[in-house]
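Chemist: entry-v6.csv is reproduced in full below (CSV, C-alpha atoms).
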```
chain,number,residue,atom,x,y,z
A,6,MET,CA,24.7,-15.0,-21.0
A,7,LEU,CA,23.6,-12.6,-18.3
A,8,LEU,CA,25.8,-9.8,-19.6
A,9,PRO,CA,24.2,-9.4,-23.0
A,10,LEU,CA,20.8,-9.6,-21.4
A,11,THR,CA,21.6,-6.9,-18.8
A,12,VAL,CA,23.0,-4.7,-21.6
A,13,THR,CA,19.7,-5.3,-23.5
A,14,VAL,CA,17.7,-4.3,-20.5
A,15,LEU,CA,19.9,-1.2,-20.1
A,16,LEU,CA,19.4,-0.2,-23.7
A,17,LEU,CA,15.7,-0.7,-23.6
A,18,CYS,CA,15.5,1.4,-20.4
A,19,ALA,CA,17.6,4.1,-22.0
A,20,ALA,CA,15.2,4.2,-24.9
A,21,LEU,CA,12.2,4.4,-22.6
A,22,LEU,CA,14.0,7.1,-20.5
A,23,ALA,CA,14.8,9.2,-23.6
A,24,TRP,CA,11.2,8.8,-24.8
A,25,ALA,CA,9.8,10.0,-21.4
A,26,VAL,CA,12.3,12.9,-21.2
A,27,TRP,CA,11.3,14.0,-24.7
A,28,PHE,CA,7.6,14.0,-23.7
A,29,ALA,CA,8.4,15.9,-20.5
A,30,VAL,CA,10.3,18.5,-22.5
A,31,ARG,CA,7.4,18.8,-24.9
A,32,ASP,CA,5.0,19.2,-22.0
A,33,ARG,CA,3.1,16.0,-22.8
A,34,ALA,CA,1.7,13.4,-20.4
A,35,VAL,CA,2.5,9.7,-20.6
A,36,VAL,CA,0.7,7.9,-23.5
A,37,LEU,CA,-0.5,4.3,-23.6
A,38,ARG,CA,2.2,3.4,-26.2
A,39,GLN,CA,4.9,4.2,-23.6
A,40,LEU,CA,3.4,1.7,-21.3
A,41,TRP,CA,3.7,-0.9,-24.0
A,42,GLY,CA,7.4,0.1,-24.2
A,43,ALA,CA,7.6,-0.4,-20.4
A,44,SER,CA,6.1,-3.9,-20.7
A,45,VAL,CA,8.8,-4.8,-23.2
A,46,VAL,CA,11.4,-3.8,-20.5
A,47,GLU,CA,9.4,-6.0,-18.1
A,48,ALA,CA,9.5,-8.9,-20.5
A,49,ALA,CA,13.3,-8.5,-20.8
A,50,LEU,CA,13.5,-8.4,-17.0
A,51,LEU,CA,11.5,-11.6,-16.7
A,52,VAL,CA,13.9,-13.3,-19.1
A,53,GLN,CA,16.8,-12.0,-17.1
A,54,ILE,CA,15.3,-13.4,-13.9
A,55,ALA,CA,14.8,-16.8,-15.6
A,56,VAL,CA,18.4,-16.9,-16.8
A,57,ALA,CA,19.8,-15.8,-13.5
A,58,GLY,CA,17.7,-18.5,-11.8
A,59,VAL,CA,19.0,-21.2,-14.2
A,60,LEU,CA,22.6,-20.0,-13.6
A,61,ALA,CA,22.1,-20.0,-9.8
A,62,ALA,CA,20.7,-23.6,-10.0
A,63,GLN,CA,23.8,-24.6,-11.8
A,64,GLY,CA,25.8,-23.2,-8.9
A,65,ARG,CA,26.9,-20.0,-10.6
A,66,HIS,CA,25.7,-17.5,-7.9
A,67,ALA,CA,26.2,-13.8,-7.7
A,68,ALA,CA,28.8,-12.7,-5.1
A,69,ASP,CA,26.0,-11.4,-2.9
A,70,GLY,CA,22.9,-13.5,-3.7
A,71,VAL,CA,20.5,-11.9,-1.3
A,72,THR,CA,21.2,-8.4,-2.6
A,73,PHE,CA,21.2,-9.6,-6.2
A,74,TRP,CA,17.7,-11.1,-5.9
A,75,GLY,CA,16.6,-8.1,-4.0
A,76,TYR,CA,17.6,-5.8,-6.8
A,77,GLN,CA,16.1,-8.2,-9.4
A,78,VAL,CA,12.7,-8.3,-7.7
A,79,THR,CA,12.7,-4.5,-7.0
A,80,ALA,CA,13.6,-3.8,-10.7
A,81,LEU,CA,10.7,-5.9,-11.8
A,82,MET,CA,8.2,-4.0,-9.5
A,83,ILE,CA,9.3,-0.4,-10.3
A,84,LEU,CA,7.8,0.1,-13.8
A,85,PRO,CA,4.3,-1.3,-13.1
A,86,PHE,CA,4.0,0.8,-10.0
A,87,ALA,CA,5.3,3.9,-11.7
A,88,ALA,CA,3.0,3.4,-14.6
A,89,LEU,CA,-0.1,3.3,-12.3
A,90,TRP,CA,1.3,6.3,-10.4
A,91,ALA,CA,2.0,8.3,-13.6
A,92,PHE,CA,-1.3,7.6,-15.3
A,93,ALA,CA,-3.3,9.2,-12.5
A,94,GLU,CA,-1.5,12.5,-13.4
A,95,ARG,CA,-2.4,13.9,-16.8
A,96,THR,CA,0.4,16.5,-17.0
A,97,ARG,CA,4.0,16.5,-18.1
A,98,TRP,CA,5.0,15.4,-14.6
A,99,SER,CA,3.7,11.9,-15.5
A,100,SER,CA,6.4,11.8,-18.1
A,101,VAL,CA,9.0,12.8,-15.5
A,102,VAL,CA,7.7,9.9,-13.2
A,103,LEU,CA,8.2,7.4,-16.0
A,104,ALA,CA,11.7,8.9,-16.7
A,105,VAL,CA,12.7,8.6,-13.0
A,106,ALA,CA,11.4,5.0,-12.9
A,107,ALA,CA,13.4,4.0,-16.1
A,108,ALA,CA,16.5,5.6,-14.6
A,109,THR,CA,16.0,3.7,-11.3
A,110,VAL,CA,15.8,0.4,-13.2
A,111,MET,CA,19.0,1.3,-15.1
A,112,PHE,CA,20.8,2.0,-11.8
A,113,LEU,CA,19.6,-1.3,-10.4
A,114,GLU,CA,20.8,-3.1,-13.5
A,115,TYR,CA,24.2,-1.4,-13.2
A,116,ARG,CA,24.4,-2.5,-9.5
A,117,MET,CA,23.5,-6.1,-10.5
A,118,LEU,CA,26.2,-6.1,-13.1
A,119,GLN,CA,28.7,-5.1,-10.5
A,120,ILE,CA,27.6,-7.8,-8.0
A,121,TRP,CA,27.6,-10.5,-10.7
A,122,ALA,CA,31.0,-9.5,-12.1
A,123,VAL,CA,32.5,-10.0,-8.7
A,124,ALA,CA,31.4,-13.7,-8.6
B,10,MET,CA,-12.6,22.4,-11.6
B,11,SER,CA,-9.4,22.7,-9.6
B,12,ALA,CA,-11.1,25.3,-7.3
B,13,THR,CA,-13.6,22.7,-6.0
B,14,ALA,CA,-11.3,20.2,-4.5
B,15,GLY,CA,-13.7,17.4,-3.5
B,16,ALA,CA,-13.0,14.6,-1.0
B,17,SER,CA,-11.9,12.3,-3.9
B,18,ALA,CA,-9.3,14.8,-5.3
B,19,PRO,CA,-5.7,13.7,-4.8
B,20,ALA,CA,-3.6,15.3,-2.2
B,21,PRO,CA,-1.9,18.6,-3.3
B,22,THR,CA,1.4,17.1,-2.1
B,23,SER,CA,1.1,14.2,-4.6
B,24,GLN,CA,0.0,16.3,-7.6
B,25,GLY,CA,2.2,17.6,-10.4
B,26,PHE,CA,5.8,17.7,-9.3
B,27,GLY,CA,4.6,15.9,-6.1
B,28,ARG,CA,4.0,12.8,-8.2
B,29,VAL,CA,7.8,12.7,-9.0
B,30,LEU,CA,8.7,13.5,-5.4
B,31,VAL,CA,6.5,10.7,-4.0
B,32,LEU,CA,8.0,8.2,-6.5
B,33,VAL,CA,11.5,9.1,-5.4
B,34,TYR,CA,10.6,8.8,-1.8
B,35,ALA,CA,8.9,5.4,-2.5
B,36,VAL,CA,12.1,4.2,-4.2
B,37,PHE,CA,14.2,5.2,-1.2
B,38,ALA,CA,11.6,3.7,1.2
B,39,VAL,CA,11.9,0.3,-0.7
B,40,ALA,CA,15.7,0.6,-1.1
B,41,ALA,CA,16.3,1.5,2.6
B,42,THR,CA,13.9,-1.1,3.9
B,43,ALA,CA,15.4,-3.9,1.8
B,44,ARG,CA,18.9,-2.8,2.8
B,45,ALA,CA,18.0,-2.6,6.5
B,46,GLY,CA,16.2,-5.9,6.4
B,47,VAL,CA,19.2,-7.7,4.9
B,48,GLN,CA,21.6,-6.1,7.3
B,49,LEU,CA,19.4,-6.7,10.4
B,50,ILE,CA,18.7,-10.4,9.6
B,51,ARG,CA,22.1,-11.4,8.2
B,52,ASP,CA,24.8,-9.4,9.9
B,53,TRP,CA,23.3,-7.5,12.9
B,54,HIS,CA,26.4,-8.1,15.1
B,55,GLU,CA,28.9,-6.5,12.7
B,56,ALA,CA,27.7,-2.9,13.2
B,57,PRO,CA,24.6,-2.6,15.5
B,58,LEU,CA,24.6,1.2,15.5
B,59,ALA,CA,24.9,1.6,11.7
B,60,TYR,CA,22.2,-1.1,11.1
B,61,ALA,CA,19.8,0.3,13.6
B,62,LEU,CA,20.2,3.7,11.9
B,63,SER,CA,19.5,2.0,8.5
B,64,ALA,CA,16.3,0.6,9.9
B,65,PHE,CA,15.4,4.1,11.4
B,66,ALA,CA,16.1,5.7,8.0
B,67,ALA,CA,13.9,3.2,6.3
B,68,ALA,CA,11.0,3.9,8.7
B,69,VAL,CA,11.4,7.7,8.1
B,70,TYR,CA,11.3,7.2,4.3
B,71,VAL,CA,8.2,5.0,4.5
B,72,VAL,CA,6.4,7.5,6.7
B,73,ALA,CA,7.4,10.4,4.5
B,74,THR,CA,6.2,8.5,1.3
B,75,VAL,CA,2.8,7.7,2.8
B,76,SER,CA,2.2,11.1,4.3
B,77,LEU,CA,3.2,12.9,1.1
B,78,ALA,CA,0.9,10.7,-0.9
B,79,ARG,CA,-2.1,11.2,1.3
B,80,ARG,CA,-4.2,14.3,1.6
B,81,GLY,CA,-5.4,16.1,4.8
B,82,ARG,CA,-4.0,18.3,7.5
B,83,GLY,CA,-2.9,15.4,9.6
B,84,SER,CA,-0.8,13.9,6.8
B,85,ARG,CA,0.8,17.3,6.1
B,86,THR,CA,1.9,17.5,9.8
B,87,VAL,CA,3.3,14.0,9.7
B,88,ALA,CA,5.1,14.8,6.4
B,89,TRP,CA,6.6,18.0,7.9
B,90,THR,CA,7.9,15.9,10.9
B,91,ALA,CA,9.2,13.0,8.8
B,92,VAL,CA,11.0,15.2,6.3
B,93,THR,CA,12.5,17.3,9.1
B,94,VAL,CA,13.7,14.2,10.9
B,95,GLU,CA,15.1,13.0,7.6
B,96,LEU,CA,17.1,16.3,7.1
B,97,VAL,CA,18.5,16.1,10.7
B,98,GLY,CA,19.3,12.5,10.2
B,99,VAL,CA,21.2,12.8,7.0
B,100,LEU,CA,23.2,15.8,8.3
B,101,ALA,CA,23.9,14.2,11.7
B,102,VAL,CA,24.8,10.7,10.4
B,103,GLY,CA,26.6,12.3,7.4
B,104,ALA,CA,28.8,14.4,9.8
B,105,PHE,CA,29.4,11.5,12.3
B,106,SER,CA,30.4,9.2,9.5
B,107,PHE,CA,33.2,11.6,8.5
B,108,PHE,CA,34.4,12.4,12.1
B,109,ARG,CA,33.8,9.0,13.8
B,110,PRO,CA,34.1,6.4,11.0
B,111,ASP,CA,34.8,3.8,13.7
B,112,LEU,CA,31.1,4.0,14.6
B,113,PHE,CA,30.1,3.2,11.1
B,114,PRO,CA,32.2,0.3,9.8
B,115,GLU,CA,29.3,-0.5,7.4
B,116,ALA,CA,27.6,2.0,5.3
B,117,THR,CA,24.0,3.3,5.9
B,118,VAL,CA,21.9,5.2,3.4
B,119,TRP,CA,22.9,8.4,5.2
B,120,SER,CA,26.7,7.7,5.5
B,121,HIS,CA,28.9,10.4,3.9
B,122,LEU,CA,25.8,12.5,3.2
B,123,GLY,CA,24.3,9.8,1.0
B,124,GLU,CA,27.4,9.5,-1.3
B,125,GLY,CA,26.5,5.9,-2.2
B,126,TYR,CA,23.2,7.1,-3.6
B,127,GLY,CA,24.5,10.0,-5.7
B,128,TYR,CA,23.8,12.4,-2.8
B,129,VAL,CA,20.1,12.2,-3.5
B,130,PRO,CA,19.5,11.5,0.3
B,131,LEU,CA,21.1,14.9,1.0
B,132,VAL,CA,19.0,16.8,-1.6
B,133,LEU,CA,15.7,15.0,-1.0
B,134,PRO,CA,14.7,16.5,2.4
B,135,PHE,CA,15.4,20.1,1.1
B,136,VAL,CA,13.2,19.5,-1.9
B,137,GLY,CA,10.6,17.9,0.4
B,138,LEU,CA,10.5,20.9,2.8
B,139,TRP,CA,10.3,23.3,-0.2
B,140,TRP,CA,7.5,21.3,-1.7
B,141,LEU,CA,5.5,21.2,1.6
B,142,ARG,CA,5.9,25.0,1.9
B,143,HIS,CA,5.0,25.5,-1.8
B,144,THR,CA,1.8,23.4,-1.4
B,145,ARG,CA,0.7,24.7,2.0
B,146,PRO,CA,-3.0,25.6,2.2
B,147,GLN,CA,-3.6,29.3,1.4
B,148,PRO,CA,-5.9,31.1,3.9
B,149,ARG,CA,-9.2,32.0,2.2
B,150,SER,CA,-9.8,35.8,1.9
```
Using the file provided, produce a representation of the structure as structure tokens.

Modeler:
Amino acid sequence: MLLPLTVTVLLLCAALLAWAVWFAVRDRAVVLRQLWGASVVEAALLVQIAVAGVLAAQGRHAADGVTFWGYQVTALMILPFAALWAFAERTRWSSVVLAVAAATVMFLEYRMLQIWAVA
Amino acid sequence: MSATAGASAPAPTSQGFGRVLVLVYAVFAVAATARAGVQLIRDWHEAPLAYALSAFAAAVYVVATVSLARRGRGSRTVAWTAVTVELVGVLAVGAFSFFRPDLFPEATVWSHLGEGYGYVPLVLPFVGLWWLRHTRPQPRS
């Protein structure tokens, strides 16, 4: 159950990353519609947290629970922070900020996948 | 507009490319702090030196993030110091982790020159120093 969700989050992040990189290449700043895209990723992350919580309650923990939940919470915080940080800058660099944030969430998801697979 | 930098204008070090740099520093500040926190609370006795260095690295990243995001001459000095310490730290810990692996049974952010983080910890201080030099205040003529 967690694997398809994680893959979904990864694909959504990849789409957001590609969108942001495209904007950076075209010398455009982040637009509001991209933040809606980021909130779709956030929604998927919340579903992932809920499912992981249910699995943990059933006794199916990740190999390293503390690290797993650390990654989970960090992943949830990155995009909102990056969105605020990016929107204060109205140049192409705001698009790079969004791209870096999306890539970071992808890295965290990949690490979570590793930790969970060990369990 | 850009010529009249008022008090409310963002710091030059956090504008343009600096936005990206501060974000990357912030990510490393959070990652290193979380990692050091877990290590110090849960398994301090396994590798005191490595974990103390993790905590030190975390502090350096936090200071670098804040000082790069803020404006003013004081913040710039702090940023120079923090990024220089970061460079020395990653090179020294990186070298020691190769030659004296017995001292580092558990990984830190800076072990093996930041291998576990895609060598970003090795590249970051060089970029930081370049950026501080690039954005240094120009003397008015």

Chemist: Could you name the residues that touch segment 32-44 of chain A at 7 Å or less, counting all atoms listed in the file, but leaving out those on the same chain fewer than 3 positions away, as a ChimeraX atom specification?

Modeler: /A:21,28-29,47-48,84,88,92,95-100

Chemist: Per residue of chain A within 9 Å of chain B, note the shortest atom pair and the distance in Å to one decimal, counting only C-alpha atoms, and order the rows by chain and increasing residue number, as a tab-separated table.

Modeler:
```
residue	atom	partner	partner_atom	distance
A:Val71	CA	B:Val47	CA	7.6
A:Thr72	CA	B:Val47	CA	7.8
A:Gly75	CA	B:Ala43	CA	7.3
A:Tyr76	CA	B:Ala40	CA	8.8
A:Thr79	CA	B:Val39	CA	8.0
A:Ile83	CA	B:Val36	CA	8.1
A:Ala87	CA	B:Leu32	CA	7.3
A:Trp90	CA	B:Arg28	CA	7.4
A:Ala91	CA	B:Arg28	CA	7.3
A:Glu94	CA	B:Gly25	CA	7.0
A:Arg95	CA	B:Gly25	CA	8.7
A:Thr96	CA	B:Gly25	CA	6.9
A:Arg97	CA	B:Gly25	CA	8.0
A:Trp98	CA	B:Gly25	CA	5.5
A:Ser99	CA	B:Arg28	CA	7.4
A:Val101	CA	B:Val29	CA	6.6
A:Val102	CA	B:Val29	CA	5.0
A:Leu103	CA	B:Val29	CA	8.8
A:Val105	CA	B:Val29	CA	7.5
A:Ala106	CA	B:Leu32	CA	7.9
A:Thr109	CA	B:Val36	CA	8.1
```

Chemist: Would you kindly identify which residues have an atom no farther than 10 Å from (7.9, 12.5, 9.3), using only C-alpha atoms and the file's own coordinates, and write them out as a PDB file with C-alpha atoms, in the frame of the given file?

Modeler:
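The resulting file, selection31.pdb, is shown below:
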```pdb
ATOM      1  CA  ALA B  68      11.000   3.900   8.700  1.00  0.00           C
ATOM      2  CA  VAL B  69      11.400   7.700   8.100  1.00  0.00           C
ATOM      3  CA  TYR B  70      11.300   7.200   4.300  1.00  0.00           C
ATOM      4  CA  VAL B  71       8.200   5.000   4.500  1.00  0.00           C
ATOM      5  CA  VAL B  72       6.400   7.500   6.700  1.00  0.00           C
ATOM      6  CA  ALA B  73       7.400  10.400   4.500  1.00  0.00           C
ATOM      7  CA  THR B  74       6.200   8.500   1.300  1.00  0.00           C
ATOM      8  CA  VAL B  75       2.800   7.700   2.800  1.00  0.00           C
ATOM      9  CA  SER B  76       2.200  11.100   4.300  1.00  0.00           C
ATOM     10  CA  LEU B  77       3.200  12.900   1.100  1.00  0.00           C
ATOM     11  CA  SER B  84      -0.800  13.900   6.800  1.00  0.00           C
ATOM     12  CA  ARG B  85       0.800  17.300   6.100  1.00  0.00           C
ATOM     13  CA  THR B  86       1.900  17.500   9.800  1.00  0.00           C
ATOM     14  CA  VAL B  87       3.300  14.000   9.700  1.00  0.00           C
ATOM     15  CA  ALA B  88       5.100  14.800   6.400  1.00  0.00           C
ATOM     16  CA  TRP B  89       6.600  18.000   7.900  1.00  0.00           C
ATOM     17  CA  THR B  90       7.900  15.900  10.900  1.00  0.00           C
ATOM     18  CA  ALA B  91       9.200  13.000   8.800  1.00  0.00           C
ATOM     19  CA  VAL B  92      11.000  15.200   6.300  1.00  0.00           C
ATOM     20  CA  THR B  93      12.500  17.300   9.100  1.00  0.00           C
ATOM     21  CA  VAL B  94      13.700  14.200  10.900  1.00  0.00           C
ATOM     22  CA  GLU B  95      15.100  13.000   7.600  1.00  0.00           C
TER      23      GLU B  95
END
```

Chemist: Under the rule that all atoms listed in the file are counted, which of B:Thr22, B:Thr117, B:Thr144, B:Ser106 is the nearest residue to Phe65 of chain B?

Modeler: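 Using all atoms listed in the file, the shortest distance to Phe65 of chain B belongs to B:Thr117.
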
Chemist: Please measure the separation of atom CA of Leu96 of chain B and atom CA of Ala66 of chain B, giving the value in Å to one decimal.

Modeler: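 The value is 10.7 Å.
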
Chemist: For Gly123 of chain B, list every protein, DNA or RNA residue within 12 Å, evaluated using all atoms listed in the file, and leave out those in the same chain fewer than 2 positions away; present the list as a VMD selection string.

Modeler: chain B and resid 37 41 63 66 95 to 96 98 to 104 106 to 107 116 to 121 125 to 134

Chemist: Could you jot down the atom CA of Met82 of chain A to atom CA of Gly137 of chain B separation for me, Å, one decimal place?

Modeler: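 Between atom CA of Met82 of chain A and atom CA of Gly137 of chain B the gap is 24.2 Å.
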
Chemist: What is the distance, in Å and to one decimal place, between atom CA of Ala104 of chain A and atom CA of Ala25 of chain A?

Modeler: 5.2 Å

Chemist: Please provide the set of residues having any atom within 8 Å of Tyr60 of chain B, restricted to all atoms listed in the file, with same-chain residues fewer than 3 positions apart removed, written as a ChimeraX atom specification.

Modeler: /B:45,48-49,53,56-57,63-64,117
